[in-house]
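*Asks:* The structure's right below; bear with me while I get my questions together.
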There are 2 protein chains.
Amino acid sequence: MKATKSPSPIGRPRSFDTSKALDRALQVFRRKGYEGASLTDLTKAMGINRPSLYAAFGDKEVLFRKVLDRYAEGQLSLAREALSEPTSRAVVERLLCGTAERITCPDNPPGCLLVQGALASGNGADSIRRELTSRRLAGQVALRQRLKRAKLDGDLPPEANPANLARYIFTVIQGMAVQAAGGATRADLRRVAQIALQSWPVPRNPREKQLGTHTQSGD
Amino acid sequence: MKATKSPSPIGRPRSFDTSKALDRALQVFRRKGYEGASLTDLTKAMGINRPSLYAAFGDKEVLFRKVLDRYAEGQLSLAREALSEPTSRAVVERLLCGTAERITCPDNPPGCLLVQGALASGNGADSIRRELTSRRLAGQVALRQRLKRAKLDGDLPPEANPANLARYIFTVIQGMAVQAAGGATRADLRRVAQIALQSWPVPRNPREKQLGTHTQSGD
DNA sequence: ATAGTTTTTTACCGCTTGGTATAAAAGCCG
DNA sequence: CGGCTTTTATACCAAGCGGTAAAAAACTAT
């Protein structure tokens, strides 16, 4: 079996780390959005010049999708962790709190790429905008599926509507992204998450199903 | 006393309705954001050509601020109506439901100008972006003040935190704007509002203070 | 060393952007 | 009618945009 990285590829070696370059591009896109990030911004932040960018990643749209995939990895890992929590309550709590952490990471610009990227776009960015809304929806659908299962498990009351609840949670998540873009701190968003969680329905038979969330019997 | 509108201003009369033109510009800005809306888009939608736009409204940034003021009128009227509701619960209910209606008005592009306008912006739109976040914050502060009063009135429990609650409500509102931009229907958002309202605290002494909201004793 | 391959650098292209100069057109007033 | 004023329409500008051609540079293979 050959090594995944060929030890000495032919030709002049690349003088930059593609992975780090993508991270730099991610930062720029997070701060300025897809259209707002110019190639000059990008190349300057990535420390490379235009043809290098083009050769390594393709045009701006392809670069953005690569950045998007990279960004989604982090989101997917959070989603996977959250969705595998035992109770629906724990799922959404982890989702909300994890998002609060994620979009206020002090190293990166605040906010969520899926929201900041292109909420409203000019003439050339329609396909990007659609891609972003599609990805936002994907997360919402995943949560809905998880909540459907929770309902079958008796982990949600029979009158609970998974689609509506999932939409509610993602509304809060996306609202938190806007808040973060407007300067809300991590603590601010944690408090928002706590309040949002108070409207979470409890199953009709509140028998503890060996759950791990901290007790909610404070009131 | 002279009439506020001089009946026959000197010079060639303007061939378009400035008010209608502003509305058209509002539509374009709502759909494409500040940067995404090109002067060509704007003039085409407004039915005028560039120098007319420039003479009547100033440059793009001034035009956007005029549009913003116009947009804010509608928002302010909603806010005034909502904030004058007797109970905090009625205030936020009206705020949430009113927003759901407003951002899914079938005539206009979905979403909120204060969010779509410029969440993340390129090099030249920083001042616009700041203006938008400032205006979003203004609404949040107004609600917070109202909730402080509600707390003094005993309309909110003593442990309630007006700042956190106001931030929560505006997080939901802004999230609804993102949802609307992503295709959520008016009914979708109404259901989100209902769920969001379920985390609203009730005063410790639930004596009915002649409120007008529909009874919430369903559970 | 020389050939072959890939990346880097510099300079450039066509196009769109926001913004204007200029002059014709359309209304007043005398 | 002819002055006066303002808005129209056409054409244009510099600057920035995304994207690329061409040659120098840096590596491997022979």
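Every chain in the structure tokens has a letter given in the order shown (A, B, ...), and although residue numbers restart at 1 in each chain, ligands are simply numbered from 1 in the order shown.
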Determine, using only C-alpha atoms (C1' of nucleotides), which residues of chain B have any atom at most 6 Å from an atom of chain C, and tabulate each with its shortest atom pair and distance in Å to one decimal place, rows ordered by chain and then rising number, as a Markdown table.

*Replies:*
```
| residue | atom | partner | partner_atom | distance |
| --- | --- | --- | --- | --- |
| B:Ile10 | CA | C:DC28 | C1' | 5.3 |
| B:Gly11 | CA | C:DG27 | C1' | 5.3 |
| B:Arg12 | CA | C:DG27 | C1' | 4.2 |
```

*Asks:* Write out, as a PDB file, in the first residue's frame, the residues just selected, with C-alpha atoms.

*Replies:*
```pdb
ATOM      1  CA  ILE B  10     -39.960  76.300 -10.915  1.00  0.00           C
ATOM      2  CA  GLY B  11     -38.146  74.308 -13.538  1.00  0.00           C
ATOM      3  CA  ARG B  12     -38.958  71.099 -15.324  1.00  0.00           C
TER       4      ARG B  12
END
```

*Asks:* Near chain A, which residues of chain D fall within 7 Å when you count only C-alpha atoms (C1' of nucleotides), and what do they look like as a list in words?

*Replies:*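 Matching residues, ligands excluded from the count: DA26, DC27 and DT28 of chain D.
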
*Asks:* Can you tell me, as an MDAnalysis selection string, which residues in chain A count as helix (DSSP H, G or I) by DSSP?

*Replies:* chainID A and resid 18:36 39:46 50:57 60:83 88:102 113:116 123:152 162:181 186:197

*Asks:* Please determine, counting only C-alpha atoms, which residue among A:Leu156, A:Ala196, A:Leu42, A:Val172 has the shortest atom-to-atom distance to A:Val67.

*Replies:*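 Going through A:Leu156, A:Ala196, A:Leu42, A:Val172 one by one, the smallest distance to A:Val67 is for A:Leu42.
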
*Asks:* Which residues are close to A:Gly124, i.e. within 12 Å by only C-alpha atoms (C1' of nucleotides), leaving aside same-chain residues fewer than 5 positions away? Reply as an MDAnalysis selection string.

*Replies:* (chainID A and resid 34:35 60:61 118 129:130) or (chainID B and resid 32 36:38) or (chainID C and resid 16) or (chainID D and resid 18)

*Asks:* If you keep N, CA and C atoms (P, O5', C5', C4', C3', O3' and C1' of nucleotides), can you produce a file of those selected residues as a PDB file, in the first residue's frame?

*Replies:*
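Full text of out12.pdb as output:
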```
ATOM      1  N   TYR A  34     -19.724  36.020   0.936  1.00  0.00           N
ATOM      2  CA  TYR A  34     -19.190  35.524  -0.323  1.00  0.00           C
ATOM      3  C   TYR A  34     -18.873  36.659  -1.280  1.00  0.00           C
ATOM      4  N   GLU A  35     -19.825  37.494  -1.513  1.00  0.00           N
ATOM      5  CA  GLU A  35     -19.599  38.567  -2.473  1.00  0.00           C
ATOM      6  C   GLU A  35     -18.682  39.648  -1.917  1.00  0.00           C
ATOM      7  N   LYS A  60     -13.460  31.483  -7.669  1.00  0.00           N
ATOM      8  CA  LYS A  60     -13.935  31.944  -6.368  1.00  0.00           C
ATOM      9  C   LYS A  60     -15.077  31.070  -5.850  1.00  0.00           C
ATOM     10  N   GLU A  61     -15.963  30.693  -6.726  1.00  0.00           N
ATOM     11  CA  GLU A  61     -17.104  29.900  -6.285  1.00  0.00           C
ATOM     12  C   GLU A  61     -16.652  28.533  -5.791  1.00  0.00           C
ATOM     13  N   ALA A 118     -24.195  34.541   2.545  1.00  0.00           N
ATOM     14  CA  ALA A 118     -24.978  35.216   1.516  1.00  0.00           C
ATOM     15  C   ALA A 118     -26.456  35.088   1.850  1.00  0.00           C
ATOM     16  N   ARG A 129     -26.100  31.416  -2.784  1.00  0.00           N
ATOM     17  CA  ARG A 129     -27.146  31.691  -1.785  1.00  0.00           C
ATOM     18  C   ARG A 129     -28.051  30.474  -1.629  1.00  0.00           C
ATOM     19  N   ARG A 130     -28.403  29.868  -2.755  1.00  0.00           N
ATOM     20  CA  ARG A 130     -29.248  28.680  -2.669  1.00  0.00           C
ATOM     21  C   ARG A 130     -28.542  27.554  -1.924  1.00  0.00           C
TER      22      ARG A 130
ATOM     23  N   LYS B  32     -31.653  41.991  -2.517  1.00  0.00           N
ATOM     24  CA  LYS B  32     -30.240  41.812  -2.842  1.00  0.00           C
ATOM     25  C   LYS B  32     -29.285  42.358  -1.796  1.00  0.00           C
ATOM     26  N   GLY B  36     -25.300  44.102  -2.792  1.00  0.00           N
ATOM     27  CA  GLY B  36     -25.758  43.291  -3.915  1.00  0.00           C
ATOM     28  C   GLY B  36     -26.644  44.039  -4.889  1.00  0.00           C
ATOM     29  N   ALA B  37     -27.230  45.124  -4.435  1.00  0.00           N
ATOM     30  CA  ALA B  37     -28.095  45.914  -5.309  1.00  0.00           C
ATOM     31  C   ALA B  37     -27.244  46.904  -6.096  1.00  0.00           C
ATOM     32  N   SER B  38     -27.148  46.718  -7.379  1.00  0.00           N
ATOM     33  CA  SER B  38     -26.351  47.627  -8.194  1.00  0.00           C
ATOM     34  C   SER B  38     -27.197  48.821  -8.613  1.00  0.00           C
TER      35      SER B  38
ATOM     36  P    DT C  16     -20.692  42.986 -18.142  1.00  0.00           P
ATOM     37  O5'  DT C  16     -20.871  43.668 -16.713  1.00  0.00           O
ATOM     38  C5'  DT C  16     -20.583  42.914 -15.535  1.00  0.00           C
ATOM     39  C4'  DT C  16     -20.261  43.837 -14.396  1.00  0.00           C
ATOM     40  C3'  DT C  16     -21.325  44.904 -14.119  1.00  0.00           C
ATOM     41  O3'  DT C  16     -21.900  44.675 -12.847  1.00  0.00           O
ATOM     42  C1'  DT C  16     -19.110  45.797 -14.051  1.00  0.00           C
TER      43       DT C  16
ATOM     44  P    DG D  18     -13.730  39.765  -6.679  1.00  0.00           P
ATOM     45  O5'  DG D  18     -13.780  38.907  -8.013  1.00  0.00           O
ATOM     46  C5'  DG D  18     -15.039  38.518  -8.542  1.00  0.00           C
ATOM     47  C4'  DG D  18     -14.858  37.865  -9.889  1.00  0.00           C
ATOM     48  C3'  DG D  18     -14.073  36.550  -9.848  1.00  0.00           C
ATOM     49  O3'  DG D  18     -14.648  35.617 -10.756  1.00  0.00           O
ATOM     50  C1'  DG D  18     -12.962  38.095 -11.239  1.00  0.00           C
TER      51       DG D  18
END
```

*Asks:* What is the atom CA of B:Ser77 to atom CA of B:Gln145 distance in Å?

*Replies:*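 Going from atom CA of B:Ser77 over to atom CA of B:Gln145 covers 17.0 Å.
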
*Asks:* Under the rule of at most 6 Å, produce a per-residue listing of chain B near chain A: chain, number, name, the closest pair of atoms, and the distance in Å, as a tab-separated table, using only C-alpha atoms.

*Replies:*
```
residue	atom	partner	partner_atom	distance
B:Arg31	CA	A:Ala120	CA	5.9
B:Lys32	CA	A:Ser121	CA	4.7
B:Gly33	CA	A:Ala120	CA	5.3
B:Gly36	CA	A:Gly122	CA	3.7
B:Ala37	CA	A:Gly122	CA	6.0
B:Gln116	CA	A:Ala120	CA	5.5
B:Leu119	CA	A:Gln116	CA	5.9
B:Ala120	CA	A:Lys32	CA	4.7
B:Ser121	CA	A:Lys32	CA	4.7
B:Gly122	CA	A:Gly36	CA	3.7
B:Thr133	CA	A:Gly182	CA	5.5
B:Tyr168	CA	A:Val192	CA	5.1
B:Thr171	CA	A:Gly175	CA	4.4
B:Val172	CA	A:Val172	CA	5.2
B:Gln174	CA	A:Gly175	CA	4.8
B:Gly175	CA	A:Gly175	CA	3.6
B:Met176	CA	A:Thr171	CA	5.7
B:Gly182	CA	A:Thr133	CA	5.5
B:Val192	CA	A:Tyr168	CA	5.1
B:Gln198	CA	A:Ser199	CA	4.9
B:Ser199	CA	A:Ser199	CA	4.1
```

*Asks:* Export, as a tab-separated table (two decimals), in the first residue's frame, the selected residues with N, CA and C atoms.

*Replies:*
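Below you can see part.tsv, which holds the result:
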```tsv
chain	number	residue	atom	x	y	z
B	31	ARG	N	-34.21	42.42	-1.44
B	31	ARG	CA	-33.90	41.15	-2.12
B	31	ARG	C	-32.40	40.92	-2.26
B	32	LYS	N	-31.65	41.99	-2.52
B	32	LYS	CA	-30.24	41.81	-2.84
B	32	LYS	C	-29.28	42.36	-1.80
B	33	GLY	N	-29.79	43.04	-0.79
B	33	GLY	CA	-28.90	43.64	0.18
B	33	GLY	C	-28.30	44.93	-0.34
B	36	GLY	N	-25.30	44.10	-2.79
B	36	GLY	CA	-25.76	43.29	-3.92
B	36	GLY	C	-26.64	44.04	-4.89
B	37	ALA	N	-27.23	45.12	-4.44
B	37	ALA	CA	-28.10	45.91	-5.31
B	37	ALA	C	-27.24	46.90	-6.10
B	116	GLN	N	-31.14	41.38	6.15
B	116	GLN	CA	-30.69	41.12	4.78
B	116	GLN	C	-29.75	42.20	4.26
B	119	LEU	N	-25.41	41.85	6.59
B	119	LEU	CA	-24.93	41.15	7.78
B	119	LEU	C	-23.41	41.09	7.75
B	120	ALA	N	-22.89	40.69	6.62
B	120	ALA	CA	-21.45	40.72	6.40
B	120	ALA	C	-21.23	41.52	5.13
B	121	SER	N	-20.25	42.40	5.14
B	121	SER	CA	-20.15	43.34	4.04
B	121	SER	C	-18.72	43.46	3.56
B	122	GLY	N	-18.60	43.95	2.36
B	122	GLY	CA	-17.30	44.16	1.76
B	122	GLY	C	-16.63	45.42	2.28
B	133	THR	N	-26.75	47.16	12.37
B	133	THR	CA	-26.68	46.53	13.69
B	133	THR	C	-27.15	47.50	14.77
B	168	TYR	N	-33.46	37.49	23.91
B	168	TYR	CA	-34.05	36.24	23.43
B	168	TYR	C	-35.10	36.52	22.36
B	171	THR	N	-33.52	37.60	19.24
B	171	THR	CA	-32.87	36.48	18.59
B	171	THR	C	-33.88	35.70	17.76
B	172	VAL	N	-35.05	35.45	18.34
B	172	VAL	CA	-36.09	34.73	17.60
B	172	VAL	C	-36.53	35.55	16.40
B	174	GLN	N	-34.89	37.83	14.69
B	174	GLN	CA	-33.87	37.83	13.64
B	174	GLN	C	-33.72	36.46	13.01
B	175	GLY	N	-33.89	35.43	13.82
B	175	GLY	CA	-33.88	34.09	13.25
B	175	GLY	C	-35.04	33.90	12.29
B	176	MET	N	-36.18	34.46	12.63
B	176	MET	CA	-37.32	34.36	11.71
B	176	MET	C	-37.00	35.04	10.39
B	182	GLY	N	-35.01	32.02	3.79
B	182	GLY	CA	-34.78	30.66	3.32
B	182	GLY	C	-36.03	29.97	2.83
B	192	VAL	N	-43.56	29.07	14.85
B	192	VAL	CA	-42.32	29.34	15.60
B	192	VAL	C	-42.60	30.34	16.71
B	198	GLN	N	-43.81	30.07	24.50
B	198	GLN	CA	-44.02	29.15	25.62
B	198	GLN	C	-42.92	29.26	26.66
B	199	SER	N	-41.83	29.90	26.33
B	199	SER	CA	-40.80	30.07	27.35
B	199	SER	C	-40.94	31.42	28.04
```

*Asks:* To one decimal place, how far is atom CA of B:Leu114 from atom CA of B:Gln75 in Å?

*Replies:* 10.3 Å
